>>> print(open('structure_31.txt').read())   # compact mmCIF, C-alpha atoms and all ligand atoms
# COMPACT_ATOMS: atom_id res chain seq x y z
CA MET A 1109 2.35 15.30 -21.03
CA ARG A 1110 3.52 16.64 -17.69
CA ARG A 1111 6.25 14.63 -16.02
CA GLN A 1112 7.31 15.39 -12.48
CA VAL A 1113 9.50 12.78 -10.85
CA LEU A 1114 7.31 11.77 -7.91
CA LEU A 1115 9.35 10.56 -4.95
CA ASN A 1116 6.36 10.62 -2.63
CA PRO A 1117 4.91 7.27 -1.49
CA GLY A 1118 2.17 7.27 -4.14
CA PRO A 1119 0.40 8.22 -6.27
CA ALA A 1120 3.49 7.24 -8.23
CA CYS A 1121 4.70 8.09 -11.71
CA THR A 1122 2.91 6.15 -14.40
CA SER A 1123 3.70 5.42 -18.03
CA ALA A 1124 2.19 7.44 -20.87
CA LYS A 1125 0.21 4.35 -21.84
CA VAL A 1126 -1.42 4.17 -18.43
CA LYS A 1127 -2.51 7.80 -18.72
CA GLU A 1128 -3.59 7.46 -22.34
CA ALA A 1129 -5.82 4.50 -21.41
CA VAL A 1130 -8.16 6.98 -19.71
CA ILE A 1131 -8.74 8.85 -22.94
CA GLU A 1132 -8.76 5.79 -25.15
CA PHE A 1133 -11.47 4.10 -23.12
CA GLY A 1134 -13.51 7.26 -23.66
CA ASP A 1135 -17.10 7.76 -22.65
CA VAL A 1136 -18.57 4.51 -21.48
CA CYS A 1137 -21.73 3.71 -19.59
CA PRO A 1138 -20.67 1.80 -16.49
CA ARG A 1139 -23.75 -0.39 -16.76
CA GLU A 1140 -22.74 -1.70 -20.19
CA GLU A 1141 -21.20 -5.10 -20.69
CA GLU A 1142 -17.67 -3.88 -21.43
CA THR A 1143 -17.27 -2.38 -17.96
CA GLY A 1144 -18.17 -5.70 -16.34
CA ILE A 1145 -15.71 -7.52 -18.59
CA LEU A 1146 -13.04 -4.99 -17.70
CA MET A 1147 -13.63 -5.39 -13.96
CA ARG A 1148 -13.53 -9.14 -14.22
CA ALA A 1149 -10.23 -8.94 -16.12
CA ILE A 1150 -8.75 -6.68 -13.44
CA SER A 1151 -9.89 -9.01 -10.65
CA ASP A 1152 -8.32 -11.99 -12.38
CA LYS A 1153 -5.03 -10.17 -12.94
CA VAL A 1154 -4.92 -8.93 -9.34
CA LYS A 1155 -5.57 -12.42 -8.01
CA GLY A 1156 -2.98 -13.82 -10.38
CA HIS A 1157 -0.40 -11.58 -8.74
CA LEU A 1158 -1.44 -12.10 -5.12
CA THR A 1159 -2.46 -15.71 -4.65
CA SER A 1160 -1.55 -19.12 -6.03
CA VAL A 1161 -5.13 -20.35 -5.52
CA PRO A 1162 -7.26 -17.69 -7.22
CA LYS A 1163 -10.47 -19.74 -7.13
CA ASP A 1164 -10.63 -19.42 -3.33
CA TYR A 1165 -10.35 -15.63 -3.40
CA GLU A 1166 -12.25 -12.59 -4.60
CA ALA A 1167 -10.60 -9.37 -5.72
CA VAL A 1168 -13.12 -6.66 -4.91
CA LEU A 1169 -12.90 -3.19 -6.43
CA PHE A 1170 -14.14 0.05 -4.93
CA THR A 1171 -14.04 3.58 -6.26
CA SER A 1172 -11.91 5.01 -3.48
CA SER A 1173 -8.38 5.55 -2.33
CA GLY A 1174 -6.57 2.72 -0.55
CA THR A 1175 -8.02 3.60 2.82
CA GLY A 1176 -11.47 2.82 1.40
CA ALA A 1177 -10.35 -0.74 0.68
CA LEU A 1178 -9.01 -1.02 4.20
CA GLU A 1179 -12.22 0.37 5.63
CA ALA A 1180 -14.27 -2.11 3.59
CA ILE A 1181 -12.38 -4.96 5.26
CA LEU A 1182 -12.23 -3.60 8.78
CA SER A 1183 -15.85 -2.46 8.92
CA SER A 1184 -16.93 -5.92 7.74
CA LEU A 1185 -15.06 -8.10 10.25
CA PRO A 1186 -17.35 -10.41 12.20
CA VAL A 1187 -15.88 -9.68 15.63
CA LYS A 1188 -17.94 -11.16 18.46
CA GLU A 1189 -16.61 -12.06 21.94
CA GLN A 1190 -12.94 -11.81 21.06
CA LYS A 1191 -11.12 -8.69 19.93
CA VAL A 1192 -8.93 -7.55 17.09
CA LEU A 1193 -5.21 -7.60 17.83
CA ASN A 1194 -3.67 -4.66 15.97
CA ILE A 1195 0.10 -4.67 15.58
CA VAL A 1196 1.32 -1.10 15.30
CA ASN A 1197 4.69 0.31 14.32
CA GLY A 1198 3.79 3.53 12.60
CA GLU A 1199 1.02 5.87 11.54
CA TYR A 1200 -0.70 3.37 9.23
CA GLY A 1201 -1.07 0.89 12.08
CA LYS A 1202 -2.66 3.69 14.08
CA ARG A 1203 -5.04 4.34 11.19
CA ILE A 1204 -6.26 0.74 11.39
CA HIS A 1205 -7.07 1.37 15.05
CA GLU A 1206 -8.95 4.56 14.19
CA ILE A 1207 -11.06 2.83 11.53
CA LEU A 1208 -11.97 -0.04 13.88
CA ASP A 1209 -12.76 2.48 16.58
CA THR A 1210 -15.08 4.36 14.25
CA TYR A 1211 -17.17 1.20 13.88
CA LYS A 1212 -16.92 0.44 17.61
CA ILE A 1213 -15.10 -2.82 16.92
CA PRO A 1214 -13.07 -3.84 20.00
CA VAL A 1215 -9.36 -3.59 19.29
CA VAL A 1216 -6.17 -3.89 21.31
CA ASP A 1217 -2.93 -2.43 19.96
CA ILE A 1218 0.54 -3.74 20.55
CA ASP A 1219 2.47 -0.61 19.81
CA PHE A 1220 6.15 -0.81 18.86
CA GLU A 1221 6.13 2.94 18.12
CA ASN A 1222 8.25 3.41 15.02
CA GLY A 1223 10.49 0.44 15.72
CA GLU A 1224 10.63 -3.15 14.62
CA ILE A 1225 7.96 -5.64 15.63
CA ASP A 1226 9.06 -8.01 18.40
CA LEU A 1227 7.69 -11.34 17.18
CA ALA A 1228 8.00 -13.01 20.60
CA VAL A 1229 5.70 -10.37 22.09
CA VAL A 1230 3.23 -10.81 19.22
CA LYS A 1231 3.22 -14.55 19.80
CA GLU A 1232 2.35 -14.09 23.46
CA TYR A 1233 -0.64 -11.93 22.57
CA ILE A 1234 -1.80 -14.32 19.85
CA ASN A 1235 -1.56 -17.28 22.18
CA SER A 1236 -3.53 -15.55 24.94
CA GLY A 1237 -6.84 -16.58 23.38
CA PHE A 1238 -8.36 -13.10 23.63
CA TYR A 1239 -8.28 -12.37 19.90
CA SER A 1240 -10.10 -13.57 16.80
CA HIS A 1241 -8.37 -11.31 14.24
CA VAL A 1242 -4.91 -9.87 13.76
CA THR A 1243 -4.23 -6.76 11.70
CA VAL A 1244 -0.81 -5.62 10.48
CA VAL A 1245 0.74 -3.31 7.91
CA HIS A 1246 3.20 -5.03 5.56
CA CYS A 1247 5.40 -2.10 4.54
CA GLU A 1248 4.91 0.63 7.17
CA THR A 1249 5.19 3.70 4.98
CA THR A 1250 5.85 5.95 7.99
CA THR A 1251 9.40 4.68 8.34
CA GLY A 1252 9.82 2.25 5.44
CA ILE A 1253 10.10 -0.80 7.71
CA LEU A 1254 9.09 -4.03 6.00
CA ASN A 1255 7.26 -6.16 8.56
CA ASP A 1256 7.56 -9.94 8.69
CA VAL A 1257 3.94 -10.59 7.78
CA LYS A 1258 4.57 -14.22 6.87
CA THR A 1259 5.78 -15.17 10.34
CA ILE A 1260 2.98 -13.21 12.01
CA ALA A 1261 0.36 -14.87 9.79
CA LYS A 1262 1.83 -18.28 10.51
CA MET A 1263 1.61 -17.72 14.27
CA ALA A 1264 -1.94 -16.42 13.89
CA LYS A 1265 -3.04 -19.37 11.75
CA GLU A 1266 -1.77 -21.83 14.35
CA LYS A 1267 -4.35 -20.31 16.71
CA ASN A 1268 -7.05 -19.92 14.05
CA LEU A 1269 -7.00 -16.14 13.95
CA THR A 1270 -8.11 -14.33 10.81
CA VAL A 1271 -5.27 -12.33 9.25
CA VAL A 1272 -5.78 -8.87 7.76
CA VAL A 1273 -2.89 -7.14 5.99
CA ASP A 1274 -2.52 -3.57 4.78
CA ALA A 1275 -0.33 -4.21 1.74
CA MET A 1276 -0.74 -0.76 0.23
CA SER A 1277 3.02 -0.18 -0.02
CA SER A 1278 4.08 -3.74 -0.78
CA ALA A 1279 1.56 -5.42 -3.09
CA PHE A 1280 2.66 -5.70 -6.74
CA ALA A 1281 6.39 -5.48 -6.02
CA TYR A 1282 6.96 -7.75 -3.03
CA PRO A 1283 6.09 -11.38 -3.62
CA ILE A 1284 2.84 -12.17 -1.80
CA ASP A 1285 0.97 -15.46 -1.99
CA MET A 1286 -2.08 -15.07 0.22
CA ALA A 1287 -2.94 -18.77 0.04
CA ASN A 1288 0.52 -19.87 1.07
CA ASP A 1289 1.33 -17.01 3.44
CA GLY A 1290 -1.93 -17.37 5.40
CA ILE A 1291 -3.36 -13.94 4.60
CA ASP A 1292 -7.17 -13.85 4.64
CA PHE A 1293 -7.88 -10.21 3.82
CA LEU A 1294 -5.55 -7.82 2.01
CA ALA A 1295 -5.97 -4.17 1.09
CA CYS A 1296 -4.09 -2.43 -1.71
CA SER A 1297 -4.72 0.24 -4.32
CA SER A 1298 -4.23 1.24 -7.93
CA ASN A 1299 -1.73 4.02 -7.43
CA LYS A 1300 1.33 2.79 -5.59
CA LEU A 1301 3.37 -0.22 -6.65
CA ALA A 1302 0.75 -1.18 -9.24
CA GLN A 1303 1.86 1.99 -11.07
CA GLY A 1304 -1.69 2.97 -11.98
CA LEU A 1305 -3.61 6.21 -11.46
CA PRO A 1306 -5.31 6.91 -8.13
CA GLY A 1307 -8.97 6.08 -7.60
CA ILE A 1308 -9.37 2.32 -7.18
CA GLY A 1309 -9.25 0.62 -3.79
CA ILE A 1310 -8.67 -3.11 -4.01
CA VAL A 1311 -9.57 -5.81 -1.50
CA VAL A 1312 -8.48 -9.40 -1.97
CA ALA A 1313 -10.16 -11.80 0.42
CA ARG A 1314 -11.06 -15.42 0.95
CA LYS A 1315 -14.44 -16.18 -0.60
CA ASP A 1316 -15.76 -18.16 2.36
CA LEU A 1317 -14.82 -15.44 4.83
CA ILE A 1318 -16.51 -12.73 2.78
CA GLN A 1319 -19.81 -14.52 3.18
CA ASN A 1320 -19.34 -14.46 6.98
CA CYS A 1321 -18.80 -10.72 7.00
CA ASN A 1322 -20.84 -8.34 9.09
CA ALA A 1323 -21.32 -5.12 7.14
CA ARG A 1324 -21.45 -1.98 9.24
CA SER A 1325 -20.90 0.42 6.33
CA TYR A 1326 -23.37 0.94 3.51
CA TYR A 1327 -21.02 1.95 0.69
CA PHE A 1328 -18.09 -0.19 1.80
CA SER A 1329 -19.92 -3.45 2.39
CA LEU A 1330 -17.56 -6.14 1.15
CA LYS A 1331 -20.20 -8.83 1.00
CA ASP A 1332 -22.74 -6.70 -0.87
CA GLN A 1333 -20.10 -5.53 -3.34
CA VAL A 1334 -19.09 -9.13 -4.08
CA ASN A 1335 -22.60 -10.57 -4.28
CA TYR A 1336 -23.93 -7.75 -6.43
CA PHE A 1337 -21.03 -8.09 -8.82
CA SER A 1338 -21.35 -11.85 -9.15
CA LYS A 1339 -25.05 -11.42 -9.93
CA THR A 1340 -24.86 -8.46 -12.30
CA ASN A 1341 -21.22 -7.99 -13.38
CA GLN A 1342 -21.54 -4.43 -12.10
CA MET A 1343 -20.33 -2.40 -9.16
CA ARG A 1344 -23.11 -1.36 -6.81
CA PHE A 1345 -22.38 2.34 -7.38
CA THR A 1346 -20.82 4.30 -10.22
CA PRO A 1347 -17.30 3.02 -10.80
CA ALA A 1348 -14.49 5.30 -11.98
CA VAL A 1349 -14.70 3.57 -15.34
CA GLN A 1350 -11.77 5.27 -17.05
CA MET A 1351 -9.55 4.67 -14.03
CA LEU A 1352 -10.39 1.00 -14.26
CA ALA A 1353 -9.30 0.97 -17.89
CA SER A 1354 -6.08 2.63 -16.84
CA LEU A 1355 -5.52 0.15 -13.99
CA ASP A 1356 -6.01 -2.70 -16.42
CA THR A 1357 -3.22 -1.26 -18.60
CA ALA A 1358 -1.01 -0.84 -15.54
CA LEU A 1359 -1.56 -4.49 -14.59
CA ASP A 1360 -0.60 -5.53 -18.11
CA GLU A 1361 2.61 -3.56 -17.74
CA LEU A 1362 3.22 -5.32 -14.44
CA GLY A 1363 2.67 -8.62 -16.20
CA GLU A 1364 5.31 -7.63 -18.76
CA GLU A 1365 7.85 -6.45 -16.20
CA GLY A 1366 7.09 -9.16 -13.64
CA ILE A 1367 6.91 -8.68 -9.87
CA GLU A 1368 10.44 -9.97 -9.36
CA ASN A 1369 11.92 -7.49 -11.83
CA ARG A 1370 9.85 -4.67 -10.43
CA LEU A 1371 11.31 -5.29 -6.99
CA LYS A 1372 14.79 -5.57 -8.50
CA ARG A 1373 14.38 -2.21 -10.21
CA TYR A 1374 13.05 -0.58 -7.05
CA SER A 1375 15.91 -2.09 -5.03
CA GLN A 1376 18.43 -0.67 -7.47
CA LEU A 1377 16.90 2.80 -7.27
CA ASN A 1378 16.69 2.56 -3.49
CA GLN A 1379 20.34 1.59 -3.24
CA LEU A 1380 21.43 4.54 -5.38
CA ILE A 1381 19.50 6.87 -3.10
CA ARG A 1382 20.85 5.31 0.08
CA ILE A 1383 24.48 5.44 -1.00
CA LYS A 1384 24.33 9.05 -2.14
CA MET A 1385 22.27 10.28 0.81
CA LYS A 1386 24.69 8.60 3.21
CA SER A 1387 27.66 10.28 1.55
CA LEU A 1388 25.87 13.60 1.98
CA GLY A 1389 25.50 12.95 5.71
CA PHE A 1390 21.81 12.05 5.89
CA LYS A 1391 20.95 9.47 8.53
CA PRO A 1392 18.23 6.92 7.72
CA VAL A 1393 15.58 6.23 10.36
CA VAL A 1394 15.58 2.48 9.76
CA LYS A 1395 18.48 0.04 9.62
CA LEU A 1396 19.16 -1.27 6.13
CA LYS A 1397 18.30 -4.87 6.94
CA SER A 1398 14.72 -4.10 8.05
CA ASN A 1399 14.02 -1.39 5.48
CA SER A 1400 11.89 -1.96 2.43
CA ALA A 1401 13.22 -1.13 -1.01
CA VAL A 1402 10.36 1.27 -1.75
CA ILE A 1403 10.72 4.14 0.69
CA THR A 1404 13.39 5.51 3.00
CA ALA A 1405 12.85 7.93 5.86
CA TYR A 1406 15.68 10.27 6.83
CA TYR A 1407 16.24 12.36 9.93
CA GLU A 1408 16.55 16.03 9.17
CA PRO A 1409 20.12 17.20 9.80
CA THR A 1410 20.54 20.12 12.21
CA GLY A 1411 19.52 23.40 10.66
CA PHE A 1412 17.79 21.64 7.77
CA ASP A 1413 14.78 23.40 6.30
CA PHE A 1414 12.60 20.77 4.66
CA ASN A 1415 10.32 23.26 2.92
CA LYS A 1416 13.26 24.99 1.30
CA PHE A 1417 14.70 21.64 0.27
CA HIS A 1418 11.33 20.54 -1.12
CA ASN A 1419 10.80 23.76 -3.09
CA TYR A 1420 14.31 23.73 -4.51
CA LEU A 1421 13.77 20.21 -5.82
CA LYS A 1422 10.25 20.90 -7.02
CA GLU A 1423 11.52 23.76 -9.18
CA ARG A 1424 13.75 21.17 -10.82
CA GLY A 1425 10.96 18.64 -11.33
CA PHE A 1426 11.32 16.36 -8.29
CA ILE A 1427 8.84 15.86 -5.45
CA VAL A 1428 10.06 14.73 -2.04
CA TYR A 1429 7.77 14.04 0.90
CA PRO A 1430 7.54 15.23 4.49
CA GLY A 1431 7.83 12.78 7.39
CA LYS A 1432 4.95 11.24 9.27
CA MET A 1433 6.70 10.31 12.51
CA ALA A 1434 5.14 11.94 15.54
CA ASP A 1435 8.51 12.37 17.27
CA GLY A 1436 11.57 13.96 15.74
CA LYS A 1437 11.88 15.57 12.36
CA SER A 1438 12.15 13.33 9.35
CA PHE A 1439 11.38 13.36 5.66
CA ARG A 1440 10.90 10.61 3.13
CA ILE A 1441 12.03 9.63 -0.31
CA ALA A 1442 10.04 6.95 -2.06
CA ASN A 1443 11.25 5.24 -5.21
CA ILE A 1444 8.14 3.63 -6.65
CA GLY A 1445 6.53 4.19 -10.02
CA ASN A 1446 7.90 3.83 -13.51
CA LEU A 1447 11.10 5.65 -12.53
CA LYS A 1448 14.34 5.28 -14.40
CA ILE A 1449 17.88 5.17 -13.08
CA VAL A 1450 18.78 8.38 -14.95
CA GLU A 1451 15.98 10.21 -13.19
CA ILE A 1452 17.21 9.12 -9.78
CA ASN A 1453 20.81 10.03 -10.65
CA ASP A 1454 19.61 13.40 -11.81
CA PHE A 1455 17.66 13.86 -8.59
CA LEU A 1456 20.69 12.97 -6.48
CA LEU A 1457 22.83 15.50 -8.35
CA HIS A 1458 20.34 18.20 -7.43
CA VAL A 1459 20.34 17.07 -3.81
CA SER A 1460 24.18 17.27 -3.76
CA GLU A 1461 24.05 20.70 -5.31
CA TYR A 1462 21.50 21.87 -2.76
CA MET A 1463 23.55 20.56 0.16
CA LYS A 1464 26.70 22.21 -1.17
CA ASN A 1465 25.00 25.57 -1.27
CA ALA A 1466 23.18 25.08 2.03
CA ASN A 1467 26.47 24.59 3.88
C1 LIG B 1 -0.77 4.85 1.10
C2 LIG B 1 -1.11 3.96 2.20
C3 LIG B 1 -2.44 3.77 2.62
C4 LIG B 1 -3.64 4.38 1.96
O1 LIG B 1 -3.57 5.64 1.53
P1 LIG B 1 -4.68 6.32 0.60
O2 LIG B 1 -4.24 7.73 0.64
O3 LIG B 1 -6.01 6.11 1.22
O4 LIG B 1 -4.61 5.70 -0.76
C5 LIG B 1 -2.68 2.87 3.64
N1 LIG B 1 -1.69 2.20 4.22
C6 LIG B 1 -0.41 2.31 3.83
C7 LIG B 1 0.63 1.47 4.48
C8 LIG B 1 -0.08 3.21 2.82
O5 LIG B 1 1.21 3.32 2.44
>>> encode(input="structure_31.txt", output="structure tokens")
Amino acid sequence: MRRQVLLNPGPACTSAKVKEAVIEFGDVCPREEETGILMRAISDKVKGHLTSVPKDYEAVLFTSSGTGALEAILSSLPVKEQKVLNIVNGEYGKRIHEILDTYKIPVVDIDFENGEIDLAVVKEYINSGFYSHVTVVHCETTTGILNDVKTIAKMAKEKNLTVVVDAMSSAFAYPIDMANDGIDFLACSSNKLAQGLPGIGIVVARKDLIQNCNARSYYFSLKDQVNYFSKTNQMRFTPAVQMLASLDTALDELGEEGIENRLKRYSQLNQLIRIKMKSLGFKPVVKLKSNSAVITAYYEPTGFDFNKFHNYLKERGFIVYPGKMADGKSFRIANIGNLKIVEINDFLLHVSEYMKNAN
């Protein structure tokens, strides 16, 4: 089986078992009982990881990438007189704006560019009374900043705002308890920190709020997807059945490792990368204390040729990722997936070697 060490921010490296699950599940009719049972099992496992009160929540599956899950939430929000307050500090925050805009849902951004969110400013906006919903990205994959979603949700809840979180790059490694943290809608996917294959978009949302939704999309109607499933145990449209089987295996592996240990492992890998990259003269975009442990963005040193760097490493089995920041040149190294310390050490040796020869 092919193994490249993926240091891009998902799809991440997966175990052989996760890949084998696709073949083992084999040819299955999605309308047969076993697919419904499988989807129910996945929903229960997802909820088990993301909320302490699973009975109040639904985990809703779509055949899509993560953005599909996000779109299912955003296109369903019952926005009336008030607007959506969108907190932006990177490209994924901008994407939320673009999706809302597509559905002509009124949205106001507070844009912190690629910097940290100023909570005092957010509070002022929340308290203004102009907004019914607040949207925010948990780990902003553009820079690697980990946003203080708990504090934002708490401020929003005090004013009765509905809280929507893009947890694509945080769910399944960072501890999240939607019930306790005050998160009403959350989007994540199969292929990042869940360490599954790409293809399943996941929404976790409060049951009561789903029934208040206002569907503007046909395929991505949250309410219809939930109601159809509870009636029939089936997805409305053809699910990626084998990917579901694979996701189920990935969630079992997460259960075995545990969220806490997964974050510990990622933190260890991230620290190795940070220490070595620093010694080689690379400057991180984000200060250590606000950076997540899953991805680090670096400024390109003068004269640095990212493509050459990328190709050199690819030839040796490692994939690094270009930057997403609009201003200034940066690139990114993620450390999610079923990566091992030896693989990261190996990677860093190659980076050292490259830098030696480049200078
Ligand atoms: C990866 C990611 C997404 C979704 O990406 P897809 O390519 O649609 O799976 C959304 N938001 C954040 C923060 C992400 O990191």
>>> residues_near_ligand(input="structure_31.txt", ligand="ligand LIG 1 (chain B)", cutoff="8 Å", atoms="only C-alpha atoms and all ligand atoms", output="ChimeraX atom specification")
/A:1117-1119,1172-1176,1178,1200-1201,1245-1250,1274-1277,1296-1297,1299-1300,1306,1309
>>> closest_residue(input="structure_31.txt", among="A:Val1312, A:Ile1145, A:Ala1323, A:Ala1228", to="Pro1162 of chain A", atoms="only C-alpha atoms")
A:Val1312
>>> residues_around(input="structure_31.txt", residues="Val1168 of chain A", least_positions_apart="2", cutoff="8 Å", atoms="all atoms listed in the file", output="list in words")
Ser1151, Glu1166, Phe1170, Ile1310, Val1311, Val1312, Ala1313, Leu1330, Gln1333 and Val1334 of chain A
>>> closest_residue(input="structure_31.txt", among="A:Thr1143, A:Asn1116, A:Leu1294, A:Ser1183", to="Val1428 of chain A", atoms="all atoms listed in the file")
A:Asn1116
>>> atom_distance(input="structure_31.txt", atom1="atom CA of Glu1199 of chain A", atom2="atom CA of Ile1427 of chain A")
21.2 Å
>>> axis_aligned_box(input="structure_31.txt", around="segment 1174-1192 of chain A", padding_each_side="8 Å", output="lines of an AutoDock Vina configuration file")
center_x = -12.3
center_y = -4.2
center_z = 10.7
size_x = 27.4
size_y = 31.7
size_z = 38.5
>>> closest_atom_pairs(input="structure_31.txt", of="segment 1142-1217 of chain A", to="segment 1357-1377 of chain A", cutoff="9 Å", atoms="all atoms listed in the file", output="JSON lines")
{"residue": "A:Ile1150", "atom": "CA", "partner": "A:Leu1359", "partner_atom": "CA", "distance": 7.6}
{"residue": "A:Lys1153", "atom": "CA", "partner": "A:Leu1359", "partner_atom": "CA", "distance": 6.9}
{"residue": "A:Val1154", "atom": "CA", "partner": "A:Leu1359", "partner_atom": "CA", "distance": 7.7}
{"residue": "A:His1157", "atom": "CA", "partner": "A:Ile1367", "partner_atom": "CA", "distance": 7.9}
>>> atom_distance(input="structure_31.txt", atom1="atom CA of Ser1298 of chain A", atom2="atom CA of Lys1258 of chain A")
23.1 Å
>>> closest_residue(input="structure_31.txt", among="A:Ala1261, A:Leu1208, A:Val1273, A:Ala1434", to="Glu1221 of chain A", atoms="all atoms listed in the file")
A:Ala1434
>>> residues_around(input="structure_31.txt", residues="segment 1446-1459 of chain A", least_positions_apart="6", cutoff="9 Å", atoms="only C-alpha atoms", output="VMD selection string")
chain A and resid 1113 to 1114 1120 to 1123 1303 1373 to 1374 1376 to 1377 1380 to 1381 1384 to 1385 1388 1417 1420 to 1421 1424 to 1426
>>> atom_distance(input="structure_31.txt", atom1="atom CA of Ser1236 of chain A", atom2="atom CA of Lys1315 of chain A")
27.8 Å
